[in-house]
Amino acid sequence: MNRSNTFALIAAAVSLPLGMVAANLTSAAPRASAEATTASTTAPALLGSPRAAEVVDAANAFLATLSAEQRAIAQIELKPELAIRWTNFPGGSNVRNGVFYRELKPEQVEAALKVARVALGEEGFARYQEVRAADDAFAKGRGGRGPGGPGGPDQKKAGGGPAQKKFGGVPKKKGGGPDGGAMFGSTNYMIALLGKPSKTDPWILQLGGHHLAINIYYKGTADSVTPYHVAAQPTVWKDDQGKTHDPLAPMRDSLHGLLASLTPEQLKQAKLEARFNDVYVGPQKDGKFPATSEGVPVSELSDASKDFVRKAIAAWTGDSPQGVEYRKLYEAELDKVKVAYSGTTNVGGDRGDYVRIDGPRVWIEFATQGSDHYHTIWRDRLTDYGAEFSF
Amino acid sequence: MRRLFLPLLLLAAARPAWGHPMPSSSVVLRVHGVGIDAELTLPIGELAMGWEKPLPRDAVQTVRQCGHEIKEYVRAHVNPTAPDGRPWAVTVREVTPVVEQEPDVRVALTMSPPPGAPADRLTFRYDVIYHHLITHEAVVSLASDWRSGVTGDEPLLLGTMRDSNAAIVIDRSGGSWFQGFAAMFRLGARHIAEGTDHLLFLLALILPAPLLAVGGRWCGYAGGGPALRRIVKVVTAFTIGHSLTLVLGALEWARLPDAVVESAIAVSILVSAVHALVPIFRGREVYIAGGFGLVHGLAFAATLQDFGFDPWTLASSVLGFNLGIEAFQLLVILTAMPWLVLLARSHVYGPLRIAGAALTGIAAAAWFAERALGWGNPIAPLVETVASHALWLLAGLAVLTVVAVLDERNARKPTRTTLRAGEPDAAACG
């Protein structure tokens with residue numbers, strides 16, 4: 001072999017690995033971290049749940065229907081950073097835990113719904129199904145397409161930066177595009193089990209999806225059912241049989257009646273300075289209740305108004321088999337509860353209308369994002385996530 | 001419209017009139033040597049509620065009717081302070097409409113530290129909109145901080161501000177000239193690594209370099225030495241050409257519309273491809289390389305334009321960026337060149353050259369159709385896909401070369417399968 005060949009081959013041999021190395025010029029994106037930690041102090045007593053064992057059995061039966069890979073996704077660890085991983089936004093495993101119904105076979109979905117039915121009780125399960133039906137109506141009404149972007153926290157355009165590159169012939173497209181029809185509908189709901197379903201050790205059942213986040217904590221024969229986020233869009237619709245659906249009617253009507261029953265002075269006291277276009281203590285805002293309690297004390301209200309407050313509390317708590325116990329708890333503290341609102345008193349009317357029930361334990365918010373779009377949340381200041389974590 | 005990709009913010013392609021999800025504000029900061037520029041994007045629906053002022057849904061109307069008051073409102077809610085507590089000077093430069101399905105207003109601000117205070121450390125107090133609409137949030141990101149190597153294509157998320165987090169401490173004092181320079185170097189290298197068209201031009205130009213041109217055709221092996229010399233000259237000419245216009249373009253002394261530049265690049269690749277098929281300008285490759293290099297340089301310059309750098313930073317950026325380009329270019333040449341030079345001796349090279357030239361020509365034509373005529377076609381993305389597997393192509397080339405060389409060594413028949421240096425190939429040239 002002559003010299004030029006040798007030289008060329010050596011150069012080639014050296015440059016080949018160099019080329020391999022040069023191929024890696026990208027970096028990974030940062031990850032957000034959770035602020036929650038595990039609580040170590042003594043927690044308030046949780047409510048007794050006669051059905052806890054039944055739920056465990058149903059949960060295990062559901063897990064048994066899954067393949068090993070599915071089980072690994074459906075049943076994850078009981079960790080604070082996983083427990084707070086829920087949202088009202090549409091989207092899949094990028095924003096919430098668990099397996100999608102649309103990825104399960106019919107008998108697996110059956111088993112999952114059985115868990116939901118046992119855990120939520122009849123009224124709660126009916127609400128659950130209605131919210132999913134609302135998402136179907138939403139998907140149909142808008143042709144299956146919806147707000148762009150794979151579900152995630154606030155989506156916003158921002159400006160500034162160098163001109164879009166067009167080198168190499170392809171303009172660089174960044175960011176996610178709308179997922180279209182795949183994103184909405186009742187099959188885009190998930191079930192997750194945090195910790196192994198057990199009749200002695202703590203675990204959490206999460207049922208979630210667009211406009212829904214159910215978090216039920218079980219420990220032995222006790223449980224806690226908050227945070228409970230329920231929302232809907234559309235809020236009222238007619239199905240193919242002509243039947244009208246209005247899943248958040250009890251919530252809206254009780255609060256509407258409540259504000260309508262207040263006197264002008266009481267309304268003035270109840271009105272909040274700030275404005276709201278969503279719930280304040282929402283997803284990933286666990287523990288971030290306002291520093292001061294505002295509004296008009298329920299103790300100063302008429303009996304009719306107090307009745308409306310009780311109705312409102314019943315509307316949310318009724319979605320749990322422990323509803324009666326929760327109501328007793330909250331009604332016992334009714335004198336320390338405050339009612340506040342922002343925007344107009346036409347609850348469910350316009351974007352920015354907002355009502356809050358703020359007690360030593362009970363925390364309920366109802367925010368109107370549009371006349372056909374409500375966001376609500378029920379939290380218990382002391383026993384969210386069974387007081388397993390501190391925020 | 002300039003756009004920024006922010007890692008945790010996803011570009012919403014189409015948001016419906018019912019307004020779900022609730023959009024947040026965005027604050028994009030650019031650190032300069034003497035202060036910080038901010039660009040706010042405020043959704044009008046949220047602005048109206050936070051400001052308690054009804055605003056027209058139309059962005060243009062909003063700016064027309066309330067532009068001046070918006071400036072005052074924003075000014076009142078942006079209050080950066082120096083470490084010693086003294087306030088920065090904030091000037092609201094302009095308010096422009098952003099016409100989208102969820103309309104916004106864009107507000108440009110300039111913030112300068114008080115005398116004696118650092119320009120890279122401050123407490124950023126900001127509560128536009130969420131001082132009143134307390135469910136609103138503002139996502140703050142850093143688009144440009146040269147001394148820390150933050151450039152527009154990889155912005156840094158600084159935090160999400162809300163009523164409970166209305167002041168964030170920003171400390172960008174850890175940077176250095178070298179960090180900025182290194183970032184520009186990496187930007188240049190990345191830029192050309194992703195610049196399939198630039199690389200294809202260069203490769204097409206060196207494809208016929210080891211060959212002799214006789215009677216209007218490519219035939220015969222010019223020899224390893226001449227081949228290498230020719231390649232070096234061509235690459236150097238290209239480098240000088242693009243470096244020149246990179247500097248001129250970055251200084252904005254030479255600026256052509258992007259579409260013209262991109263189309264010209266496609267033409268250059270086509271010319272290069274044709275030359276690889278048939279020697280249309282033998283002996284003048286250096287001028288072609290240099291001349292078209294000028295065009296490619298303008299494209300490179302586009303990356304550095306609109307950064308708003310001061311002269312010293314710009315000079316450092318151009319230097320770093322160009323060195324990055326040269327480094328990667330050198331890598332590509334060193335990686336491809338030996339195989340081509342070796343392979344040129346065998347008869348396999350003819351078909352390889354023709355195939356390579358033809359494919360390059362098709363790619364060039366496709367790019368031209370897309371850029372100059374607006375005819376979208378599937379060829380361009382296909383080229384990108386193939387380019388992303390460049391290492392496999394290189395491996396294939398290497399294998400081919402090894403086989404051809406071994407074949408030569410094993411040949412004992414009188415009919416030679418390789419060519420001697422300087423000898424035209426009788427079969428090819430006739």
# chains A, B, ... in the order shown; residues from 1 in each chain; ligands from 1
call {"tool": "select_by_dssp", "arguments": {"residues": "range 208-386 of chain A", "states": "strand (DSSP E)", "output": "PyMOL selection string"}}
result
chain A and resi 208-209+212-219+222-224+228-232+237-238+244-245+296-297+338-342+354-358+362-370+373-380
call {"tool": "write_last_selection", "arguments": {"atoms": "C-alpha atoms", "output": "mmCIF file, in the first residue's frame"}}
result
data_model
loop_
_atom_site.group_PDB
_atom_site.id
_atom_site.type_symbol
_atom_site.label_atom_id
_atom_site.label_comp_id
_atom_site.auth_asym_id
_atom_site.auth_seq_id
_atom_site.Cartn_x
_atom_site.Cartn_y
_atom_site.Cartn_z
ATOM 1 C CA GLY A 208 -58.788 11.268 37.088
ATOM 2 C CA GLY A 209 -59.212 12.862 33.725
ATOM 3 C CA LEU A 212 -61.917 15.384 37.345
ATOM 4 C CA ALA A 213 -59.588 14.463 40.148
ATOM 5 C CA ILE A 214 -60.728 12.053 42.826
ATOM 6 C CA ASN A 215 -58.219 11.207 45.517
ATOM 7 C CA ILE A 216 -59.356 8.747 48.172
ATOM 8 C CA TYR A 217 -56.931 7.780 50.893
ATOM 9 C CA TYR A 218 -57.463 4.498 52.726
ATOM 10 C CA LYS A 219 -55.824 3.364 55.919
ATOM 11 C CA ALA A 222 -60.640 4.686 57.674
ATOM 12 C CA ASP A 223 -60.498 6.952 54.696
ATOM 13 C CA SER A 224 -60.400 10.518 53.487
ATOM 14 C CA TYR A 228 -61.983 16.320 45.242
ATOM 15 C CA HIS A 229 -61.875 18.343 42.086
ATOM 16 C CA VAL A 230 -64.928 18.175 39.858
ATOM 17 C CA ALA A 231 -65.624 20.403 36.890
ATOM 18 C CA ALA A 232 -67.592 20.323 33.682
ATOM 19 C CA TRP A 237 -76.407 19.424 27.483
ATOM 20 C CA LYS A 238 -79.002 17.170 25.913
ATOM 21 C CA THR A 244 -80.997 17.025 29.756
ATOM 22 C CA HIS A 245 -77.831 16.599 31.776
ATOM 23 C CA VAL A 296 -69.259 36.959 55.788
ATOM 24 C CA PRO A 297 -69.534 34.569 58.775
ATOM 25 C CA LYS A 338 -67.336 32.064 56.127
ATOM 26 C CA VAL A 339 -68.876 32.583 52.735
ATOM 27 C CA ALA A 340 -67.223 34.787 50.147
ATOM 28 C CA TYR A 341 -67.702 35.592 46.493
ATOM 29 C CA SER A 342 -66.147 37.603 43.670
ATOM 30 C CA TYR A 354 -66.592 32.843 42.051
ATOM 31 C CA VAL A 355 -67.940 31.558 45.357
ATOM 32 C CA ARG A 356 -66.076 30.139 48.315
ATOM 33 C CA ILE A 357 -67.043 28.327 51.501
ATOM 34 C CA ASP A 358 -64.204 28.659 53.953
ATOM 35 C CA VAL A 362 -64.199 22.621 54.901
ATOM 36 C CA TRP A 363 -62.903 24.461 51.858
ATOM 37 C CA ILE A 364 -65.095 24.629 48.785
ATOM 38 C CA GLU A 365 -64.593 26.761 45.703
ATOM 39 C CA PHE A 366 -66.817 27.201 42.667
ATOM 40 C CA ALA A 367 -65.304 29.187 39.801
ATOM 41 C CA THR A 368 -67.023 30.072 36.572
ATOM 42 C CA GLN A 369 -64.787 30.081 33.536
ATOM 43 C CA GLY A 370 -67.721 30.641 31.270
ATOM 44 C CA HIS A 373 -67.735 25.893 32.091
ATOM 45 C CA TYR A 374 -67.373 25.437 35.857
ATOM 46 C CA HIS A 375 -64.368 24.475 37.973
ATOM 47 C CA THR A 376 -64.891 23.391 41.567
ATOM 48 C CA ILE A 377 -62.885 21.866 44.347
ATOM 49 C CA TRP A 378 -63.558 20.495 47.815
ATOM 50 C CA ARG A 379 -60.672 20.198 50.234
ATOM 51 C CA ASP A 380 -60.440 19.421 53.906
#
call {"tool": "residues_around", "arguments": {"residues": "Leu352 in chain B", "least_positions_apart": "5", "cutoff": "10 Å", "atoms": "only C-alpha atoms", "output": "list of chain:residue names"}}
result
B:Leu207, B:Leu340, B:Leu343, B:Ala344, B:His347, B:Ala357, B:Ala358, B:Leu397
call {"tool": "write_last_selection", "arguments": {"atoms": "N, CA, C and O atoms", "output": "PDB file, in the first residue's frame"}}
result
ATOM      1  N   LEU B 207     -16.762  16.002  -3.932  1.00  0.00           N
ATOM      2  CA  LEU B 207     -16.967  14.683  -4.535  1.00  0.00           C
ATOM      3  C   LEU B 207     -16.081  14.466  -5.779  1.00  0.00           C
ATOM      4  O   LEU B 207     -15.459  13.423  -5.923  1.00  0.00           O
ATOM      5  N   LEU B 340     -13.272   9.069   0.432  1.00  0.00           N
ATOM      6  CA  LEU B 340     -13.486   9.480  -0.946  1.00  0.00           C
ATOM      7  C   LEU B 340     -12.188   9.400  -1.748  1.00  0.00           C
ATOM      8  O   LEU B 340     -12.175   8.925  -2.888  1.00  0.00           O
ATOM      9  N   LEU B 343     -11.375   5.774  -2.313  1.00  0.00           N
ATOM     10  CA  LEU B 343     -12.353   5.111  -3.164  1.00  0.00           C
ATOM     11  C   LEU B 343     -12.232   5.583  -4.607  1.00  0.00           C
ATOM     12  O   LEU B 343     -12.578   4.861  -5.547  1.00  0.00           O
ATOM     13  N   ALA B 344     -11.736   6.821  -4.771  1.00  0.00           N
ATOM     14  CA  ALA B 344     -11.694   7.396  -6.116  1.00  0.00           C
ATOM     15  C   ALA B 344     -10.827   6.589  -7.067  1.00  0.00           C
ATOM     16  O   ALA B 344     -10.950   6.707  -8.276  1.00  0.00           O
ATOM     17  N   HIS B 347     -13.154   1.601  -9.627  1.00  0.00           N
ATOM     18  CA  HIS B 347     -14.217   1.827 -10.603  1.00  0.00           C
ATOM     19  C   HIS B 347     -15.562   2.040  -9.933  1.00  0.00           C
ATOM     20  O   HIS B 347     -16.506   2.507 -10.554  1.00  0.00           O
ATOM     21  N   ALA B 357     -24.306  12.660  -6.749  1.00  0.00           N
ATOM     22  CA  ALA B 357     -24.597  13.936  -7.392  1.00  0.00           C
ATOM     23  C   ALA B 357     -26.072  14.044  -7.755  1.00  0.00           C
ATOM     24  O   ALA B 357     -26.702  15.085  -7.572  1.00  0.00           O
ATOM     25  N   ALA B 358     -26.615  12.937  -8.267  1.00  0.00           N
ATOM     26  CA  ALA B 358     -28.020  12.954  -8.672  1.00  0.00           C
ATOM     27  C   ALA B 358     -28.920  13.198  -7.463  1.00  0.00           C
ATOM     28  O   ALA B 358     -29.829  14.030  -7.499  1.00  0.00           O
ATOM     29  N   LEU B 397     -20.006   3.988   3.537  1.00  0.00           N
ATOM     30  CA  LEU B 397     -18.918   4.482   2.689  1.00  0.00           C
ATOM     31  C   LEU B 397     -17.602   3.827   3.085  1.00  0.00           C
ATOM     32  O   LEU B 397     -16.801   3.410   2.243  1.00  0.00           O
TER      33      LEU B 397
END
call {"tool": "closest_residue", "arguments": {"among": "A:Val347, A:Thr87, A:Val109, A:Pro247", "to": "chain B", "atoms": "only C-alpha atoms"}}
result
A:Thr87
call {"tool": "select_by_dssp", "arguments": {"residues": "range 99-312 of chain A", "states": "helix (DSSP H, G or I)", "output": "MDAnalysis selection string"}}
result
chainID A and resid 101:103 106:141 167:169 180:183 249:261 264:270 298:300 303:312
call {"tool": "closest_residue", "arguments": {"among": "B:Val274, B:Leu244, B:Ala387, B:Ala289", "to": "chain A", "atoms": "only C-alpha atoms"}}
result
B:Ala387
call {"tool": "closest_residue", "arguments": {"among": "A:Pro202, A:Gly282, A:Gly124, A:Gly352", "to": "Phe389 in chain A", "atoms": "only C-alpha atoms"}}
result
A:Pro202
call {"tool": "atom_distance", "arguments": {"atom1": "CA of Ser173 in chain B", "atom2": "CA of Leu122 in chain B"}}
result
10.2 Å
call {"tool": "closest_residue", "arguments": {"among": "A:Ser305, A:Gln284, A:Gln129, A:Ser67", "to": "Pro80 in chain A", "atoms": "only C-alpha atoms"}}
result
A:Gln284
call {"tool": "closest_residue", "arguments": {"among": "A:Phe89, A:Ser198, A:Gly323, A:Glu294", "to": "chain B", "atoms": "only C-alpha atoms"}}
result
A:Phe89
call {"tool": "atom_distance", "arguments": {"atom1": "CA of Gly175 in chain B", "atom2": "CA of Asp310 in chain B"}}
result
16.8 Å
call {"tool": "residues_around", "arguments": {"residues": "range 250-262 of chain A", "least_positions_apart": "5", "cutoff": "8 Å", "atoms": "only C-alpha atoms", "output": "short mmCIF file (atom, residue, chain, number, x, y, z; two decimals) with N, CA and C atoms, in the first residue's frame"}}
result
data_model
loop_
_atom_site.label_atom_id
_atom_site.label_comp_id
_atom_site.auth_asym_id
_atom_site.auth_seq_id
_atom_site.Cartn_x
_atom_site.Cartn_y
_atom_site.Cartn_z
N LEU A 267 -73.84 40.84 51.48
CA LEU A 267 -73.13 40.69 50.20
C LEU A 267 -71.87 41.54 50.18
N LEU A 301 -75.81 34.83 59.25
CA LEU A 301 -76.77 34.73 58.15
C LEU A 301 -78.12 34.23 58.64
N ALA A 304 -82.49 30.69 56.30
CA ALA A 304 -82.60 30.28 54.90
C ALA A 304 -81.22 30.20 54.27
N SER A 305 -80.39 31.21 54.57
CA SER A 305 -79.03 31.21 54.02
C SER A 305 -78.25 30.02 54.57
N PHE A 308 -78.95 26.99 52.75
CA PHE A 308 -78.26 26.91 51.47
C PHE A 308 -76.80 26.47 51.66
N VAL A 309 -76.18 26.98 52.73
CA VAL A 309 -74.79 26.57 53.00
C VAL A 309 -74.75 25.07 53.23
N LYS A 311 -76.84 22.90 52.14
CA LYS A 311 -77.11 22.23 50.85
C LYS A 311 -75.82 22.19 50.02
N ALA A 312 -75.11 23.31 50.03
CA ALA A 312 -73.89 23.36 49.23
C ALA A 312 -72.88 22.34 49.73
N ALA A 315 -73.82 19.04 48.65
CA ALA A 315 -73.63 18.79 47.21
C ALA A 315 -72.29 18.12 46.96
N TRP A 316 -71.23 18.62 47.59
CA TRP A 316 -69.91 18.04 47.36
C TRP A 316 -69.68 16.79 48.20
N THR A 345 -73.14 38.00 41.41
CA THR A 345 -73.82 37.01 42.25
C THR A 345 -74.54 35.98 41.39
N ASN A 346 -74.41 36.13 40.08
CA ASN A 346 -75.07 35.19 39.19
C ASN A 346 -74.17 33.98 39.00
N VAL A 347 -74.17 33.13 40.03
CA VAL A 347 -73.25 31.99 40.06
C VAL A 347 -73.42 31.15 38.80
N GLY A 348 -72.32 30.87 38.13
CA GLY A 348 -72.38 30.07 36.91
C GLY A 348 -72.74 30.89 35.70
N VAL A 355 -67.39 31.65 44.00
CA VAL A 355 -67.94 31.56 45.36
C VAL A 355 -67.06 30.63 46.17
N PHE A 366 -66.07 27.38 43.91
CA PHE A 366 -66.82 27.20 42.67
C PHE A 366 -66.46 28.37 41.78
#
call {"tool": "atom_distance", "arguments": {"atom1": "CA of Ala209 in chain B", "atom2": "CA of Ala222 in chain B"}}
result
8.3 Å
call {"tool": "residues_around", "arguments": {"residues": "Ile84 in chain A", "least_positions_apart": "5", "cutoff": "12 Å", "atoms": "only C-alpha atoms", "output": "mmCIF file with C-alpha atoms, in the first residue's frame"}}
result
data_model
loop_
_atom_site.group_PDB
_atom_site.id
_atom_site.type_symbol
_atom_site.label_atom_id
_atom_site.label_comp_id
_atom_site.auth_asym_id
_atom_site.auth_seq_id
_atom_site.Cartn_x
_atom_site.Cartn_y
_atom_site.Cartn_z
ATOM 1 C CA SER A 33 -39.866 18.973 41.552
ATOM 2 C CA ALA A 34 -42.655 18.700 44.082
ATOM 3 C CA GLU A 35 -42.672 20.659 47.290
ATOM 4 C CA ALA A 36 -44.604 18.176 49.381
ATOM 5 C CA THR A 37 -42.972 16.081 52.061
ATOM 6 C CA LEU A 78 -47.358 6.128 47.601
ATOM 7 C CA LYS A 79 -45.167 9.203 47.408
ATOM 8 C CA VAL A 95 -49.950 15.157 33.680
ATOM 9 C CA ARG A 96 -51.560 12.434 35.779
ATOM 10 C CA ASN A 97 -50.967 8.931 37.104
ATOM 11 C CA LEU A 194 -50.716 4.669 44.937
ATOM 12 C CA ILE A 204 -54.609 6.130 47.645
ATOM 13 C CA GLN A 206 -56.932 8.155 42.146
ATOM 14 C CA GLY A 208 -58.788 11.268 37.088
ATOM 15 C CA ALA A 213 -59.588 14.463 40.148
ATOM 16 C CA ILE A 214 -60.728 12.053 42.826
ATOM 17 C CA ASN A 215 -58.219 11.207 45.517
ATOM 18 C CA THR A 226 -60.271 14.989 49.483
ATOM 19 C CA PRO A 227 -58.961 16.761 47.469
ATOM 20 C CA TYR A 228 -61.983 16.320 45.242
ATOM 21 C CA GLY A 282 -56.106 23.966 42.764
ATOM 22 C CA PRO A 283 -53.798 21.287 41.430
ATOM 23 C CA GLN A 284 -50.263 21.420 42.821
ATOM 24 C CA LYS A 285 -51.355 24.186 45.189
ATOM 25 C CA ASP A 286 -51.998 21.806 48.089
ATOM 26 C CA GLY A 287 -51.783 23.576 51.409
ATOM 27 C CA ASP A 384 -56.369 16.132 52.424
ATOM 28 C CA TYR A 385 -54.640 12.939 51.260
ATOM 29 C CA GLU A 388 -50.265 11.588 55.063
ATOM 30 C CA PHE A 389 -48.191 14.482 53.713
ATOM 31 C CA SER A 390 -47.497 18.007 54.853
ATOM 32 C CA PHE A 391 -47.418 20.953 52.508
#
call {"tool": "residues_around", "arguments": {"residues": "Arg230 in chain B", "least_positions_apart": "6", "cutoff": "12 Å", "atoms": "only C-alpha atoms", "output": "NGL selection string"}}
result
:B and (205-212 or 222-224 or 236-237 or 282-286 or 289 or 337 or 341)
call {"tool": "closest_residue", "arguments": {"among": "B:Gly188, B:Gly33, B:Pro378, B:Gly149", "to": "Ala327 in chain B", "atoms": "only C-alpha atoms"}}
result
B:Gly188
call {"tool": "residues_around", "arguments": {"residues": "Trp88 in chain B", "least_positions_apart": "5", "cutoff": "10 Å", "atoms": "only C-alpha atoms", "output": "PyMOL selection string"}}
result
chain B and resi 35+78-82+110-115+117+119+122-124
call {"tool": "decode", "arguments": {"residues": "range 201-222 of chain B", "atoms": "N, CA and C atoms", "output": "mmCIF file, in the first residue's frame"}}
result
data_model
loop_
_atom_site.group_PDB
_atom_site.id
_atom_site.type_symbol
_atom_site.label_atom_id
_atom_site.label_comp_id
_atom_site.auth_asym_id
_atom_site.auth_seq_id
_atom_site.Cartn_x
_atom_site.Cartn_y
_atom_site.Cartn_z
ATOM 1 N N PHE B 201 -23.768 20.960 0.162
ATOM 2 C CA PHE B 201 -23.064 21.780 -0.821
ATOM 3 C C PHE B 201 -21.579 21.449 -0.804
ATOM 4 N N LEU B 202 -21.056 21.430 0.385
ATOM 5 C CA LEU B 202 -19.630 21.182 0.547
ATOM 6 C C LEU B 202 -19.245 19.784 0.055
ATOM 7 N N LEU B 203 -20.036 18.802 0.459
ATOM 8 C CA LEU B 203 -19.719 17.424 0.069
ATOM 9 C C LEU B 203 -19.814 17.252 -1.445
ATOM 10 N N ALA B 204 -20.809 17.875 -2.040
ATOM 11 C CA ALA B 204 -20.947 17.770 -3.495
ATOM 12 C C ALA B 204 -19.753 18.410 -4.185
ATOM 13 N N LEU B 205 -19.227 19.429 -3.589
ATOM 14 C CA LEU B 205 -18.096 20.122 -4.178
ATOM 15 C C LEU B 205 -16.822 19.283 -4.108
ATOM 16 N N ILE B 206 -16.655 18.531 -3.045
ATOM 17 C CA ILE B 206 -15.421 17.746 -2.943
ATOM 18 C C ILE B 206 -15.556 16.356 -3.552
ATOM 19 N N LEU B 207 -16.762 16.002 -3.932
ATOM 20 C CA LEU B 207 -16.967 14.683 -4.535
ATOM 21 C C LEU B 207 -16.081 14.466 -5.779
ATOM 22 N N PRO B 208 -16.044 15.446 -6.694
ATOM 23 C CA PRO B 208 -15.214 15.228 -7.880
ATOM 24 C C PRO B 208 -13.763 15.661 -7.689
ATOM 25 N N ALA B 209 -13.419 16.091 -6.496
ATOM 26 C CA ALA B 209 -12.066 16.639 -6.282
ATOM 27 C C ALA B 209 -10.935 15.659 -6.615
ATOM 28 N N PRO B 210 -11.097 14.352 -6.319
ATOM 29 C CA PRO B 210 -9.977 13.447 -6.628
ATOM 30 C C PRO B 210 -9.889 13.044 -8.102
ATOM 31 N N LEU B 211 -10.738 13.639 -8.941
ATOM 32 C CA LEU B 211 -10.803 13.144 -10.314
ATOM 33 C C LEU B 211 -10.153 14.109 -11.313
ATOM 34 N N LEU B 212 -9.865 13.542 -12.488
ATOM 35 C CA LEU B 212 -9.361 14.346 -13.588
ATOM 36 C C LEU B 212 -10.521 14.676 -14.503
ATOM 37 N N ALA B 213 -10.442 15.828 -15.120
ATOM 38 C CA ALA B 213 -11.465 16.186 -16.118
ATOM 39 C C ALA B 213 -10.821 16.170 -17.491
ATOM 40 N N VAL B 214 -11.387 15.367 -18.366
ATOM 41 C CA VAL B 214 -10.845 15.291 -19.719
ATOM 42 C C VAL B 214 -12.002 15.389 -20.694
ATOM 43 N N GLY B 215 -11.892 16.339 -21.601
ATOM 44 C CA GLY B 215 -12.902 16.452 -22.650
ATOM 45 C C GLY B 215 -14.319 16.562 -22.126
ATOM 46 N N GLY B 216 -14.515 17.371 -21.119
ATOM 47 C CA GLY B 216 -15.869 17.591 -20.641
ATOM 48 C C GLY B 216 -16.464 16.442 -19.845
ATOM 49 N N ARG B 217 -15.637 15.522 -19.368
ATOM 50 C CA ARG B 217 -16.162 14.440 -18.534
ATOM 51 C C ARG B 217 -15.225 14.224 -17.350
ATOM 52 N N TRP B 218 -15.777 13.584 -16.356
ATOM 53 C CA TRP B 218 -14.930 13.162 -15.245
ATOM 54 C C TRP B 218 -14.368 11.782 -15.561
ATOM 55 N N CYS B 219 -13.064 11.679 -15.523
ATOM 56 C CA CYS B 219 -12.503 10.345 -15.692
ATOM 57 C C CYS B 219 -11.077 10.356 -15.185
ATOM 58 N N GLY B 220 -10.681 9.303 -14.597
ATOM 59 C CA GLY B 220 -9.287 9.229 -14.162
ATOM 60 C C GLY B 220 -9.074 9.762 -12.756
ATOM 61 N N TYR B 221 -8.066 9.283 -12.169
ATOM 62 C CA TYR B 221 -7.751 9.589 -10.768
ATOM 63 C C TYR B 221 -6.626 10.607 -10.744
ATOM 64 N N ALA B 222 -6.831 11.668 -10.045
ATOM 65 C CA ALA B 222 -5.827 12.735 -10.049
ATOM 66 C C ALA B 222 -4.682 12.434 -9.102
#
